[in-house]
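Everything below belongs to coords.tsv, which stores TSV, C-alpha atoms.
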```
chain	number	residue	atom	x	y	z
A	242	MET	CA	-12.58	-10.57	20.72
A	243	LYS	CA	-8.95	-10.13	21.75
A	244	ASN	CA	-7.02	-7.48	19.76
A	245	PHE	CA	-10.23	-6.63	17.87
A	246	ASN	CA	-9.32	-2.98	17.21
A	247	ILE	CA	-5.92	-3.60	15.67
A	248	LYS	CA	-7.24	-6.58	13.70
A	249	ALA	CA	-9.95	-4.36	12.23
A	250	VAL	CA	-7.32	-1.77	11.29
A	251	LEU	CA	-5.21	-4.42	9.53
A	252	PHE	CA	-8.26	-5.43	7.50
A	253	LEU	CA	-8.98	-1.80	6.58
A	254	ASN	CA	-5.38	-1.10	5.54
A	255	TYR	CA	-5.32	-4.19	3.36
A	256	PHE	CA	-8.69	-3.23	1.88
A	257	VAL	CA	-7.47	0.23	0.80
A	258	PHE	CA	-4.31	-1.08	-0.81
A	259	ALA	CA	-6.18	-3.90	-2.51
A	260	ILE	CA	-8.27	-1.34	-4.38
A	261	LEU	CA	-5.31	0.81	-5.37
A	262	LEU	CA	-2.80	-1.89	-6.31
A	263	ASN	CA	-5.20	-3.96	-8.35
A	264	SER	CA	-6.51	-0.98	-10.27
A	265	VAL	CA	-3.54	-1.64	-12.57
A	266	GLY	CA	-5.70	-3.80	-14.87
A	267	THR	CA	-8.24	-0.99	-15.21
A	268	VAL	CA	-5.51	1.60	-15.74
A	269	ILE	CA	-3.81	-0.54	-18.41
A	270	LEU	CA	-7.09	-0.78	-20.31
A	271	GLN	CA	-7.74	2.96	-19.98
A	272	MET	CA	-4.19	3.89	-21.02
A	273	GLN	CA	-4.81	2.05	-24.29
A	274	GLN	CA	-8.12	3.87	-24.81
A	275	ASN	CA	-7.26	7.35	-23.48
A	276	PHE	CA	-3.70	7.76	-24.69
A	277	GLY	CA	-3.22	5.10	-27.38
A	278	ILE	CA	-0.57	3.24	-25.35
A	279	SER	CA	0.27	-0.26	-26.66
A	280	LYS	CA	-0.17	-3.41	-24.54
A	281	SER	CA	3.57	-3.92	-24.18
A	282	GLN	CA	4.04	-0.28	-23.12
A	283	ALA	CA	1.13	-0.40	-20.68
A	284	SER	CA	2.42	-3.62	-19.13
A	285	VAL	CA	5.37	-1.73	-17.60
A	286	LEU	CA	2.97	-0.25	-15.04
A	287	GLU	CA	3.12	-3.60	-13.27
A	288	GLY	CA	6.89	-3.12	-13.03
A	289	PHE	CA	6.54	0.41	-11.69
A	290	LYS	CA	4.34	-1.08	-8.97
A	291	ASP	CA	6.16	-4.32	-8.20
A	292	LEU	CA	9.83	-3.36	-8.49
A	293	PRO	CA	9.57	-0.64	-5.81
A	294	ILE	CA	7.75	-3.20	-3.66
A	295	ALA	CA	10.63	-5.65	-4.14
A	296	ILE	CA	13.44	-3.13	-3.63
A	297	CYS	CA	11.91	-1.43	-0.59
A	298	SER	CA	10.93	-4.75	0.99
A	299	PHE	CA	14.49	-6.00	0.64
A	300	ILE	CA	15.90	-2.82	2.22
A	301	LEU	CA	13.31	-2.42	4.98
A	302	ALA	CA	12.55	-5.99	6.05
A	303	SER	CA	15.44	-6.41	8.48
A	304	PHE	CA	14.92	-3.27	10.52
A	305	LEU	CA	11.28	-2.27	10.00
A	306	PRO	CA	10.44	-3.22	13.63
A	307	ARG	CA	13.00	-0.60	14.70
A	308	ILE	CA	11.18	2.06	12.67
A	309	GLY	CA	7.96	0.83	14.21
A	310	ILE	CA	5.26	-1.30	12.61
A	311	LYS	CA	2.52	1.24	13.29
A	312	ASN	CA	4.71	4.17	12.19
A	313	SER	CA	5.54	2.39	8.92
A	314	MET	CA	1.86	1.89	8.10
A	315	LEU	CA	1.08	5.55	8.90
A	316	ILE	CA	3.86	6.74	6.57
A	317	ALA	CA	2.53	4.51	3.78
A	318	LEU	CA	-1.04	5.76	4.17
A	319	ILE	CA	-0.14	9.45	4.13
A	320	MET	CA	1.96	9.06	0.96
A	321	VAL	CA	-0.85	7.24	-0.82
A	322	SER	CA	-3.47	9.75	0.33
A	323	CYS	CA	-1.50	12.64	-1.15
A	324	MET	CA	-1.01	10.85	-4.47
A	325	CYS	CA	-4.69	9.96	-4.79
A	326	PHE	CA	-5.67	13.62	-4.49
A	327	VAL	CA	-3.27	14.46	-7.35
A	328	MET	CA	-4.55	11.81	-9.80
A	329	PRO	CA	-7.82	13.50	-10.90
A	330	PHE	CA	-5.58	16.11	-12.57
A	331	ALA	CA	-3.33	13.51	-14.28
A	332	HIS	CA	-3.56	13.46	-18.06
A	333	GLU	CA	-0.19	11.98	-19.05
A	334	PHE	CA	1.20	8.45	-18.84
A	335	TRP	CA	4.08	9.38	-16.52
A	336	PHE	CA	1.62	10.34	-13.77
A	337	PHE	CA	0.46	6.74	-13.63
A	338	LYS	CA	4.02	5.45	-13.51
A	339	LEU	CA	4.61	7.73	-10.52
A	340	LEU	CA	1.35	6.63	-8.89
A	341	PHE	CA	2.24	2.95	-9.03
A	342	ALA	CA	5.82	3.58	-7.92
A	343	ILE	CA	4.54	5.33	-4.78
A	344	LEU	CA	1.94	2.60	-4.29
A	345	GLY	CA	4.73	0.03	-4.51
A	346	ILE	CA	6.87	1.76	-1.89
A	347	SER	CA	3.87	2.21	0.39
A	348	PHE	CA	2.64	-1.35	0.00
A	349	ALA	CA	6.10	-2.67	0.91
A	350	LEU	CA	5.69	-0.88	4.25
A	351	ILE	CA	2.09	-2.02	4.68
A	352	LYS	CA	2.49	-5.68	3.76
A	353	ILE	CA	5.59	-6.33	5.85
A	354	SER	CA	3.92	-4.54	8.76
A	355	VAL	CA	0.65	-6.45	8.37
A	356	PHE	CA	2.31	-9.86	8.01
A	357	THR	CA	4.51	-9.14	11.03
A	358	SER	CA	1.48	-7.99	13.03
A	359	ILE	CA	-0.43	-11.23	12.42
A	360	GLY	CA	2.02	-13.10	14.63
A	361	LEU	CA	1.50	-10.48	17.34
A	362	VAL	CA	-2.31	-10.66	17.39
A	363	THR	CA	-2.75	-14.45	17.07
A	364	GLU	CA	-1.72	-17.16	19.54
A	365	THR	CA	-1.71	-20.52	17.72
A	366	ASP	CA	-0.61	-21.84	14.32
A	367	LYS	CA	-4.21	-22.60	13.34
A	368	GLU	CA	-5.38	-19.16	14.42
A	369	HIS	CA	-2.51	-17.65	12.42
A	370	SER	CA	-3.45	-19.65	9.32
A	371	SER	CA	-7.14	-18.85	9.68
A	372	PHE	CA	-6.56	-15.11	10.20
A	373	MET	CA	-4.20	-15.04	7.22
A	374	GLY	CA	-6.87	-16.67	5.05
A	375	PHE	CA	-9.55	-14.20	6.11
A	376	LEU	CA	-7.19	-11.25	5.70
A	377	GLU	CA	-6.22	-12.28	2.18
A	378	GLY	CA	-9.91	-12.88	1.48
A	379	PHE	CA	-10.73	-9.35	2.57
A	380	PHE	CA	-7.94	-8.12	0.31
A	381	MET	CA	-9.85	-9.63	-2.61
A	382	VAL	CA	-13.04	-7.95	-1.39
A	383	GLY	CA	-11.10	-4.72	-1.81
A	384	VAL	CA	-10.16	-5.72	-5.36
A	385	LEU	CA	-13.84	-6.44	-6.09
A	386	VAL	CA	-15.00	-3.11	-4.66
A	387	GLY	CA	-12.24	-1.30	-6.55
A	388	ASN	CA	-13.31	-2.72	-9.89
A	389	LEU	CA	-16.92	-1.84	-9.21
A	390	LEU	CA	-15.92	1.66	-8.12
A	391	PHE	CA	-13.96	2.35	-11.29
A	392	SER	CA	-16.70	0.87	-13.47
A	393	LEU	CA	-19.15	3.42	-12.05
A	394	PHE	CA	-16.97	6.23	-13.38
A	395	MET	CA	-16.62	4.77	-16.89
A	396	ASP	CA	-18.17	6.42	-19.95
A	397	ASP	CA	-18.86	3.57	-22.41
A	398	SER	CA	-20.02	6.03	-25.06
A	399	ASN	CA	-16.71	7.91	-25.06
A	400	PRO	CA	-13.56	5.74	-24.79
A	401	LYS	CA	-11.38	8.88	-24.61
A	402	SER	CA	-13.16	10.21	-21.52
A	403	THR	CA	-10.99	10.70	-18.42
A	404	TYR	CA	-13.95	11.09	-16.06
A	405	TRP	CA	-12.91	7.78	-14.46
A	406	LEU	CA	-10.02	9.60	-12.74
A	407	ASN	CA	-12.54	11.09	-10.31
A	408	ALA	CA	-12.62	7.69	-8.58
A	409	TYR	CA	-9.33	8.73	-6.96
A	410	TRP	CA	-11.17	11.33	-4.85
A	411	VAL	CA	-13.00	8.44	-3.18
A	412	LEU	CA	-9.79	6.45	-2.77
A	413	GLY	CA	-8.01	9.42	-1.24
A	414	GLY	CA	-10.80	9.74	1.30
A	415	LEU	CA	-10.57	6.04	2.18
A	416	SER	CA	-6.80	6.33	2.66
A	417	VAL	CA	-7.23	9.26	5.05
A	418	LEU	CA	-9.90	7.34	6.97
A	419	SER	CA	-7.59	4.34	7.32
A	420	PHE	CA	-4.80	6.65	8.52
A	421	LEU	CA	-7.02	8.10	11.26
A	422	PHE	CA	-8.24	4.70	12.48
A	423	LEU	CA	-4.66	3.44	12.72
A	424	LEU	CA	-3.44	6.60	14.42
A	425	PHE	CA	-5.83	6.02	17.33
A	426	SER	CA	-5.23	2.25	17.63
A	427	SER	CA	-2.60	0.56	19.80
A	428	LEU	CA	-0.27	-2.32	18.90
A	429	ASN	CA	2.19	-4.08	21.20
A	430	GLU	CA	5.28	-4.52	19.00
A	431	ASN	CA	7.69	-5.94	21.59
A	432	GLU	CA	7.68	-9.55	20.35
A	433	ALA	CA	8.56	-8.40	16.82
A	434	LYS	CA	11.91	-7.11	18.07
A	435	SER	CA	15.02	-9.10	18.87
A	436	GLU	CA	16.49	-7.14	21.78
A	437	GLN	CA	19.77	-9.08	21.74
A	438	THR	CA	20.84	-8.01	18.26
A	439	SER	CA	22.01	-4.85	16.57
A	440	LEU	CA	20.89	-3.71	13.12
A	441	LEU	CA	23.77	-5.76	11.68
A	442	GLY	CA	22.50	-8.75	13.66
A	443	ASP	CA	19.01	-8.26	12.24
A	444	ILE	CA	20.42	-8.27	8.70
A	445	LYS	CA	22.37	-11.46	9.46
A	446	ASN	CA	19.16	-13.06	10.76
A	447	SER	CA	17.44	-12.17	7.50
A	448	ILE	CA	20.24	-13.62	5.40
A	449	SER	CA	20.22	-16.78	7.53
A	450	LEU	CA	16.73	-17.57	6.25
A	451	PHE	CA	18.26	-18.50	2.88
A	452	SER	CA	20.10	-21.38	4.56
A	453	TYR	CA	16.85	-23.31	5.00
A	454	LYS	CA	15.67	-25.40	2.05
A	455	LYS	CA	12.05	-25.01	3.13
A	456	VAL	CA	12.37	-21.23	2.83
A	457	LEU	CA	13.92	-21.52	-0.64
A	458	PHE	CA	11.13	-23.75	-1.94
A	459	PHE	CA	8.55	-21.51	-0.31
A	460	LEU	CA	10.00	-18.45	-2.09
A	461	LEU	CA	9.82	-20.34	-5.37
A	462	CYS	CA	6.16	-21.17	-4.63
A	463	ALA	CA	5.38	-17.53	-3.84
A	464	PHE	CA	7.11	-16.36	-7.03
A	465	LEU	CA	5.27	-18.86	-9.24
A	466	PHE	CA	1.89	-18.27	-7.65
A	467	VAL	CA	1.95	-14.48	-8.01
A	468	LEU	CA	3.27	-14.84	-11.57
A	469	VAL	CA	0.06	-16.69	-12.43
A	470	GLU	CA	-2.27	-14.65	-10.21
A	471	GLN	CA	-1.17	-11.23	-11.49
A	472	SER	CA	-1.33	-12.40	-15.09
A	473	PHE	CA	-5.02	-13.15	-14.68
A	474	GLN	CA	-5.91	-10.18	-12.48
A	475	THR	CA	-4.09	-7.59	-14.59
A	476	TRP	CA	-5.18	-8.77	-18.03
A	477	THR	CA	-8.76	-9.92	-17.41
A	478	PRO	CA	-10.30	-6.49	-18.27
A	479	THR	CA	-8.34	-6.34	-21.55
A	480	PHE	CA	-9.23	-9.98	-22.32
A	481	TYR	CA	-12.93	-9.21	-21.89
A	482	LYS	CA	-12.73	-6.03	-23.97
A	483	GLU	CA	-10.70	-7.40	-26.89
A	484	ILE	CA	-11.41	-11.13	-26.96
A	485	LEU	CA	-14.99	-11.31	-25.68
A	486	LYS	CA	-15.90	-7.85	-27.10
A	487	VAL	CA	-17.97	-6.68	-24.13
A	488	PRO	CA	-18.38	-2.98	-23.12
A	489	THR	CA	-15.55	-1.31	-21.14
A	490	SER	CA	-17.55	-1.04	-17.91
A	491	MET	CA	-18.48	-4.72	-18.13
A	492	SER	CA	-14.82	-5.63	-18.78
A	493	ILE	CA	-13.81	-3.91	-15.56
A	494	GLN	CA	-16.73	-5.49	-13.69
A	495	ALA	CA	-15.40	-8.87	-14.86
A	496	GLY	CA	-12.30	-8.03	-12.83
A	497	ALA	CA	-14.65	-7.50	-9.88
A	498	VAL	CA	-16.23	-10.93	-10.43
A	499	LEU	CA	-12.73	-12.45	-10.55
A	500	ALA	CA	-11.89	-10.66	-7.30
A	501	GLY	CA	-15.14	-11.89	-5.76
A	502	ALA	CA	-14.21	-15.46	-6.65
A	503	PHE	CA	-10.77	-14.89	-5.10
A	504	ALA	CA	-12.36	-13.46	-1.95
A	505	LEU	CA	-14.69	-16.44	-1.56
A	506	GLY	CA	-11.80	-18.85	-2.13
A	507	ARG	CA	-9.67	-17.14	0.48
A	508	PHE	CA	-12.43	-16.95	3.05
A	509	LEU	CA	-12.99	-20.66	2.53
A	510	SER	CA	-9.26	-21.26	2.94
A	511	GLY	CA	-9.59	-19.77	6.43
A	512	PHE	CA	-12.13	-22.51	7.14
A	513	PHE	CA	-10.41	-25.41	5.36
A	514	SER	CA	-7.04	-24.61	6.93
A	515	LYS	CA	-8.55	-25.71	10.25
A	516	LYS	CA	-9.78	-29.01	8.78
A	517	PHE	CA	-7.12	-30.20	6.32
A	518	SER	CA	-3.36	-30.15	5.88
A	519	TRP	CA	-2.26	-27.15	3.82
A	520	ILE	CA	-0.59	-29.33	1.15
A	521	TYR	CA	-3.89	-31.07	0.35
A	522	VAL	CA	-5.62	-27.71	-0.03
A	523	VAL	CA	-2.85	-26.34	-2.27
A	524	SER	CA	-2.64	-29.47	-4.43
A	525	PHE	CA	-6.40	-29.57	-4.97
A	526	CYS	CA	-6.45	-25.90	-5.93
A	527	VAL	CA	-3.54	-26.08	-8.38
A	528	VAL	CA	-4.88	-29.15	-10.17
A	529	GLY	CA	-8.43	-27.78	-10.20
A	530	PHE	CA	-7.33	-24.45	-11.65
A	531	ALA	CA	-5.26	-26.11	-14.36
A	532	ILE	CA	-8.23	-28.28	-15.36
A	533	SER	CA	-10.53	-25.25	-15.44
A	534	ILE	CA	-8.14	-23.46	-17.83
A	535	LEU	CA	-8.24	-26.41	-20.20
A	536	LEU	CA	-12.04	-26.55	-20.06
A	537	VAL	CA	-12.97	-22.83	-20.11
A	538	LEU	CA	-10.47	-21.17	-22.48
A	539	PRO	CA	-11.57	-23.19	-25.57
A	540	LEU	CA	-15.06	-21.70	-25.08
A	541	THR	CA	-13.67	-18.20	-25.73
A	542	HIS	CA	-12.59	-18.98	-29.32
A	543	ASN	CA	-14.74	-17.61	-32.16
A	544	ILE	CA	-17.31	-16.27	-29.73
A	545	VAL	CA	-19.79	-13.70	-31.03
A	546	ILE	CA	-21.24	-11.20	-28.56
A	547	SER	CA	-23.67	-8.43	-29.54
A	548	THR	CA	-23.07	-4.78	-28.69
A	549	ASN	CA	-25.98	-4.71	-26.21
A	550	THR	CA	-24.57	-7.57	-24.09
A	551	ASN	CA	-24.85	-7.22	-20.33
A	552	TRP	CA	-24.64	-9.50	-17.31
A	553	LEU	CA	-28.24	-10.63	-17.80
A	554	ASN	CA	-27.83	-11.94	-21.37
A	555	ALA	CA	-24.12	-12.83	-21.65
A	556	PRO	CA	-22.92	-16.29	-22.82
A	557	LEU	CA	-21.92	-18.83	-20.17
A	558	VAL	CA	-18.17	-18.35	-20.69
A	559	VAL	CA	-18.44	-14.71	-19.62
A	560	TYR	CA	-19.35	-15.96	-16.14
A	561	LEU	CA	-17.09	-19.02	-16.04
A	562	PHE	CA	-13.79	-17.30	-16.81
A	563	PRO	CA	-13.53	-15.12	-13.67
A	564	LEU	CA	-15.00	-17.81	-11.41
A	565	MET	CA	-11.82	-19.83	-11.93
A	566	GLY	CA	-10.18	-17.45	-9.46
A	567	GLY	CA	-11.94	-19.23	-6.62
A	568	LEU	CA	-9.67	-22.23	-7.14
A	569	LEU	CA	-6.48	-20.19	-7.29
A	570	ALA	CA	-7.26	-18.08	-4.24
A	571	PRO	CA	-6.47	-20.34	-1.22
A	572	ILE	CA	-2.90	-21.09	-2.33
A	573	TYR	CA	-1.18	-17.85	-1.31
A	574	PRO	CA	-2.45	-17.49	2.28
A	575	SER	CA	-1.86	-21.21	2.87
A	576	ILE	CA	1.82	-21.21	1.93
A	577	ASN	CA	2.47	-17.84	3.62
A	578	SER	CA	0.97	-18.97	6.90
A	579	VAL	CA	2.93	-22.23	6.88
A	580	ILE	CA	6.30	-20.53	6.49
A	581	LEU	CA	5.59	-17.73	9.00
A	582	ALA	CA	4.34	-20.21	11.58
A	583	SER	CA	7.57	-22.19	11.13
A	584	ILE	CA	9.91	-19.45	12.35
A	585	PRO	CA	10.29	-17.29	15.53
A	586	LYS	CA	8.23	-14.10	15.66
A	587	TYR	CA	11.30	-11.84	15.64
A	588	LEU	CA	12.08	-13.18	12.13
A	589	HIS	CA	8.58	-12.53	10.79
A	590	SER	CA	9.50	-9.07	9.52
A	591	ALA	CA	12.49	-10.42	7.58
A	592	MET	CA	10.45	-13.33	6.20
A	593	SER	CA	7.60	-11.00	5.28
A	594	GLY	CA	10.07	-8.86	3.37
A	595	LEU	CA	11.23	-11.88	1.36
A	596	ILE	CA	7.60	-12.83	0.66
A	597	VAL	CA	6.90	-9.36	-0.71
A	598	VAL	CA	10.13	-9.27	-2.77
A	599	PHE	CA	9.58	-12.58	-4.53
A	600	SER	CA	5.86	-11.94	-4.95
A	601	ALA	CA	6.57	-8.57	-6.55
A	602	ILE	CA	9.13	-10.00	-8.95
A	603	GLY	CA	6.73	-12.78	-9.89
A	604	GLY	CA	3.91	-10.30	-10.50
A	605	THR	CA	6.05	-8.10	-12.74
A	606	ILE	CA	7.40	-10.96	-14.84
A	607	GLY	CA	3.97	-12.58	-15.15
A	608	SER	CA	2.27	-9.38	-16.29
A	609	ILE	CA	4.97	-8.48	-18.82
A	610	ILE	CA	5.08	-11.99	-20.32
A	611	THR	CA	1.27	-12.12	-20.53
A	612	GLY	CA	1.13	-8.68	-22.14
A	613	PHE	CA	3.74	-9.64	-24.73
A	614	VAL	CA	2.11	-12.96	-25.64
A	615	PHE	CA	-1.33	-11.29	-25.67
A	616	GLN	CA	-0.08	-8.68	-28.13
A	617	GLU	CA	1.96	-10.97	-30.39
A	618	PHE	CA	-0.26	-14.07	-30.37
A	619	SER	CA	-3.62	-14.12	-28.55
A	620	GLY	CA	-5.22	-13.72	-25.14
A	621	GLN	CA	-5.98	-17.44	-24.99
A	622	GLU	CA	-2.37	-18.45	-25.58
A	623	ALA	CA	-1.24	-15.95	-22.95
A	624	PHE	CA	-3.37	-17.68	-20.32
A	625	TYR	CA	-2.60	-21.22	-21.53
A	626	LEU	CA	1.03	-20.38	-20.77
A	627	SER	CA	0.20	-20.33	-17.05
A	628	LEU	CA	0.04	-24.14	-17.06
A	629	ILE	CA	3.85	-24.21	-16.96
A	630	PRO	CA	4.33	-22.25	-13.71
A	631	LEU	CA	1.33	-24.06	-12.20
A	632	SER	CA	3.07	-27.41	-12.73
A	633	LEU	CA	6.28	-26.09	-11.16
A	634	LEU	CA	4.27	-24.64	-8.25
A	635	LEU	CA	2.71	-28.01	-7.43
A	636	ILE	CA	6.09	-29.76	-7.47
A	637	SER	CA	7.69	-27.07	-5.29
A	638	ALA	CA	4.83	-27.15	-2.76
A	639	ILE	CA	5.08	-30.93	-2.40
A	640	ILE	CA	8.83	-30.70	-1.76
A	641	MET	CA	8.29	-27.82	0.69
A	642	SER	CA	5.77	-29.89	2.68
A	643	LYS	CA	8.39	-32.55	3.36
A	644	LEU	CA	11.01	-30.13	4.75
A	645	LYS	CA	11.41	-28.87	8.34
A	646	ILE	CA	12.88	-25.72	9.91
A	647	ASN	CA	14.67	-25.74	13.26
A	648	PRO	CA	16.14	-22.24	13.49
A	649	LYS	CA	18.54	-21.28	16.26
A	650	LYS	CA	17.06	-18.78	18.65
```

Before anything else, please render the file you have as structure tokens.
Amino acid sequence: MKNFNIKAVLFLNYFVFAILLNSVGTVILQMQQNFGISKSQASVLEGFKDLPIAICSFILASFLPRIGIKNSMLIALIMVSCMCFVMPFAHEFWFFKLLFAILGISFALIKISVFTSIGLVTETDKEHSSFMGFLEGFFMVGVLVGNLLFSLFMDDSNPKSTYWLNAYWVLGGLSVLSFLFLLFSSLNENEAKSEQTSLLGDIKNSISLFSYKKVLFFLLCAFLFVLVEQSFQTWTPTFYKEILKVPTSMSIQAGAVLAGAFALGRFLSGFFSKKFSWIYVVSFCVVGFAISILLVLPLTHNIVISTNTNWLNAPLVVYLFPLMGGLLAPIYPSINSVILASIPKYLHSAMSGLIVVFSAIGGTIGSIITGFVFQEFSGQEAFYLSLIPLSLLLISAIIMSKLKINPKK
């Protein structure tokens, strides 16, 4: 397979960061149990993760190819490796704020680099879309593995136990392994650079993207999607612990089931993107997810679960809730691939930066709103609220599908 080595490295990098970034749901739950942090206080961890992603993406997007795509990923991996080896000794809330801030900065470098690299290692629009779907699917495999990993370190008999922090030794090792694989891989970055422009010209190219209506509606779609996605991913463990009353380890494993559903949905999107127009896939997924919310959430009211509940004897709703993620999953890679395939490769870094910025802002706002509504009202109402951005997402995607981009080269 052409470019097999570098493609494998991109998958591994995404896998490592999937585990670390999406551990925020687990950490939020453990902060409440270990340190008595409230839901609204714990929800700021999403901001400490996403705001650095947004800020750094905005600053770096225009000239990251000049730093070097490979070099940027290496810098990100070494920073994360060092932080992981510190975390087993962390016993105060500010350590976790620092962890997610560094993860945010590092992921800004990784995601822009990975999205830019896709255009360099694929040759056609369909190959681009398919690879994007599989890559995002593998990201969700990382989320699944991460939830399972943390659940193995949980002590259900002692909610105050911090033994779970030892999972970071494993994550530090994975980060170092990813660093070494990337170090000895090669990537031709020439097409990602615009040789005719200066740094100022690169910044002007980035700004010029805002002049296209299709880009604006895409950014709105990305913002709305991640707002919904992060709400579910971040608060599922807490929802299972407090609403469904299952053990802590099982609550975190529910996040793994949700991630597994996302992974399956995104792998399937890599297949369906070759068969159907992206707007049909997105529309089906948005409507299907909205319907599943209306059908599944009522089943979580007044539910009674015994203290010895496990995955072998749990009520049906315990399985249904995370499986909804399979419907939500194909949306993000579909819209990302469409917009990246619409513009020249030398603008992919700038466009990737905008994707990361608006995704990060959406994730932060979604998590904070969900945490507030969860605390003040109920977990069900917090998730019912997602029907509003889902409706806006469908409208924006339909408008986006009717617009064209003809950028000047």

List as a PyMOL selection string the protein and nucleic acid residues near region 560-577 of chain A, meaning an atom at most 7 Å away when all atoms listed in the file are counted, but skip any in the same chain fewer than 4 places from it.
chain A and resi 370+373-374+377+495+498-499+502-503+505-507+510+519+523+526-527+529-530+533+537+581

Can I get the selection written as a PDB file, in the coordinates of the input, with C-alpha atoms?
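Contents of again-v5.pdb, as written:
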```pdb
ATOM      1  CA  SER A 370      -3.450 -19.650   9.320  1.00  0.00           C
ATOM      2  CA  MET A 373      -4.200 -15.040   7.220  1.00  0.00           C
ATOM      3  CA  GLY A 374      -6.870 -16.670   5.050  1.00  0.00           C
ATOM      4  CA  GLU A 377      -6.220 -12.280   2.180  1.00  0.00           C
ATOM      5  CA  ALA A 495     -15.400  -8.870 -14.860  1.00  0.00           C
ATOM      6  CA  VAL A 498     -16.230 -10.930 -10.430  1.00  0.00           C
ATOM      7  CA  LEU A 499     -12.730 -12.450 -10.550  1.00  0.00           C
ATOM      8  CA  ALA A 502     -14.210 -15.460  -6.650  1.00  0.00           C
ATOM      9  CA  PHE A 503     -10.770 -14.890  -5.100  1.00  0.00           C
ATOM     10  CA  LEU A 505     -14.690 -16.440  -1.560  1.00  0.00           C
ATOM     11  CA  GLY A 506     -11.800 -18.850  -2.130  1.00  0.00           C
ATOM     12  CA  ARG A 507      -9.670 -17.140   0.480  1.00  0.00           C
ATOM     13  CA  SER A 510      -9.260 -21.260   2.940  1.00  0.00           C
ATOM     14  CA  TRP A 519      -2.260 -27.150   3.820  1.00  0.00           C
ATOM     15  CA  VAL A 523      -2.850 -26.340  -2.270  1.00  0.00           C
ATOM     16  CA  CYS A 526      -6.450 -25.900  -5.930  1.00  0.00           C
ATOM     17  CA  VAL A 527      -3.540 -26.080  -8.380  1.00  0.00           C
ATOM     18  CA  GLY A 529      -8.430 -27.780 -10.200  1.00  0.00           C
ATOM     19  CA  PHE A 530      -7.330 -24.450 -11.650  1.00  0.00           C
ATOM     20  CA  SER A 533     -10.530 -25.250 -15.440  1.00  0.00           C
ATOM     21  CA  VAL A 537     -12.970 -22.830 -20.110  1.00  0.00           C
ATOM     22  CA  LEU A 581       5.590 -17.730   9.000  1.00  0.00           C
TER      23      LEU A 581
END
```

Need the shell around Thr611 (chain A): protein/DNA/RNA residues with any atom at most 8 Å away, counting only C-alpha atoms. Skip same-chain ones fewer than 6 positions apart. Format as number ranges by chain?
A: 472, 476, 623-624

Centre, x/y/z edge lengths, axis-aligned box for region 564-578 of chain A with 3 Å per side, as AutoDock Vina command-line options:
```
--center_x -6.3 --center_y -19.8 --center_z -2.5 --size_x 23.5 --size_y 10.8 --size_z 24.8
```

Taken to one decimal, the CA of Gly594 (chain A)-CA of Phe466 (chain A) distance is 16.6 Å

Gly620 (chain A) surroundings by all atoms listed in the file, 8 Å radius, close-in-sequence under 6 positions cut, as a PyMOL selection string:
chain A and resi 480+484+614

In terms of all atoms listed in the file, the residue from A:Ile343, A:Ile353, A:Ile640, A:Leu251 at minimal distance from Ile300 (chain A) is A:Ile353

Which residues come within 10 Å of Lys643 (chain A), counting only C-alpha atoms, excluding same-chain residues fewer than 5 positions away, as a list in words?
Lys455, Ile520 and Ala638 of chain A

List as a tab-separated table (two decimals) with C-alpha atoms, in the coordinates of the input the protein and nucleic acid residues near Cys325 (chain A), meaning an atom at most 12 Å away when only C-alpha atoms are counted, but skip any in the same chain fewer than 6 places from it.
```tsv
chain	number	residue	atom	x	y	z
A	257	VAL	CA	-7.47	0.23	0.80
A	258	PHE	CA	-4.31	-1.08	-0.81
A	260	ILE	CA	-8.27	-1.34	-4.38
A	261	LEU	CA	-5.31	0.81	-5.37
A	318	LEU	CA	-1.04	5.76	4.17
A	319	ILE	CA	-0.14	9.45	4.13
A	331	ALA	CA	-3.33	13.51	-14.28
A	336	PHE	CA	1.62	10.34	-13.77
A	337	PHE	CA	0.46	6.74	-13.63
A	339	LEU	CA	4.61	7.73	-10.52
A	340	LEU	CA	1.35	6.63	-8.89
A	341	PHE	CA	2.24	2.95	-9.03
A	343	ILE	CA	4.54	5.33	-4.78
A	344	LEU	CA	1.94	2.60	-4.29
A	406	LEU	CA	-10.02	9.60	-12.74
A	407	ASN	CA	-12.54	11.09	-10.31
A	408	ALA	CA	-12.62	7.69	-8.58
A	409	TYR	CA	-9.33	8.73	-6.96
A	410	TRP	CA	-11.17	11.33	-4.85
A	411	VAL	CA	-13.00	8.44	-3.18
A	412	LEU	CA	-9.79	6.45	-2.77
A	413	GLY	CA	-8.01	9.42	-1.24
A	414	GLY	CA	-10.80	9.74	1.30
A	415	LEU	CA	-10.57	6.04	2.18
A	416	SER	CA	-6.80	6.33	2.66
A	417	VAL	CA	-7.23	9.26	5.05
```

CA of Leu385 (chain A) to CA of Ile269 (chain A), distance in Å rounded to a single decimal
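These atoms are spaced 16.9 Å apart.
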
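Put simply, CA of Val321 (chain A) is 19.7 Å away from CA of Ala249 (chain A).
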
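Distance annotation: of A:Ile646, A:Met320, A:Glu483, A:Ile596, the residue with the minimal separation from Gln621 (chain A) is A:Glu483; atom set is all atoms listed in the file.
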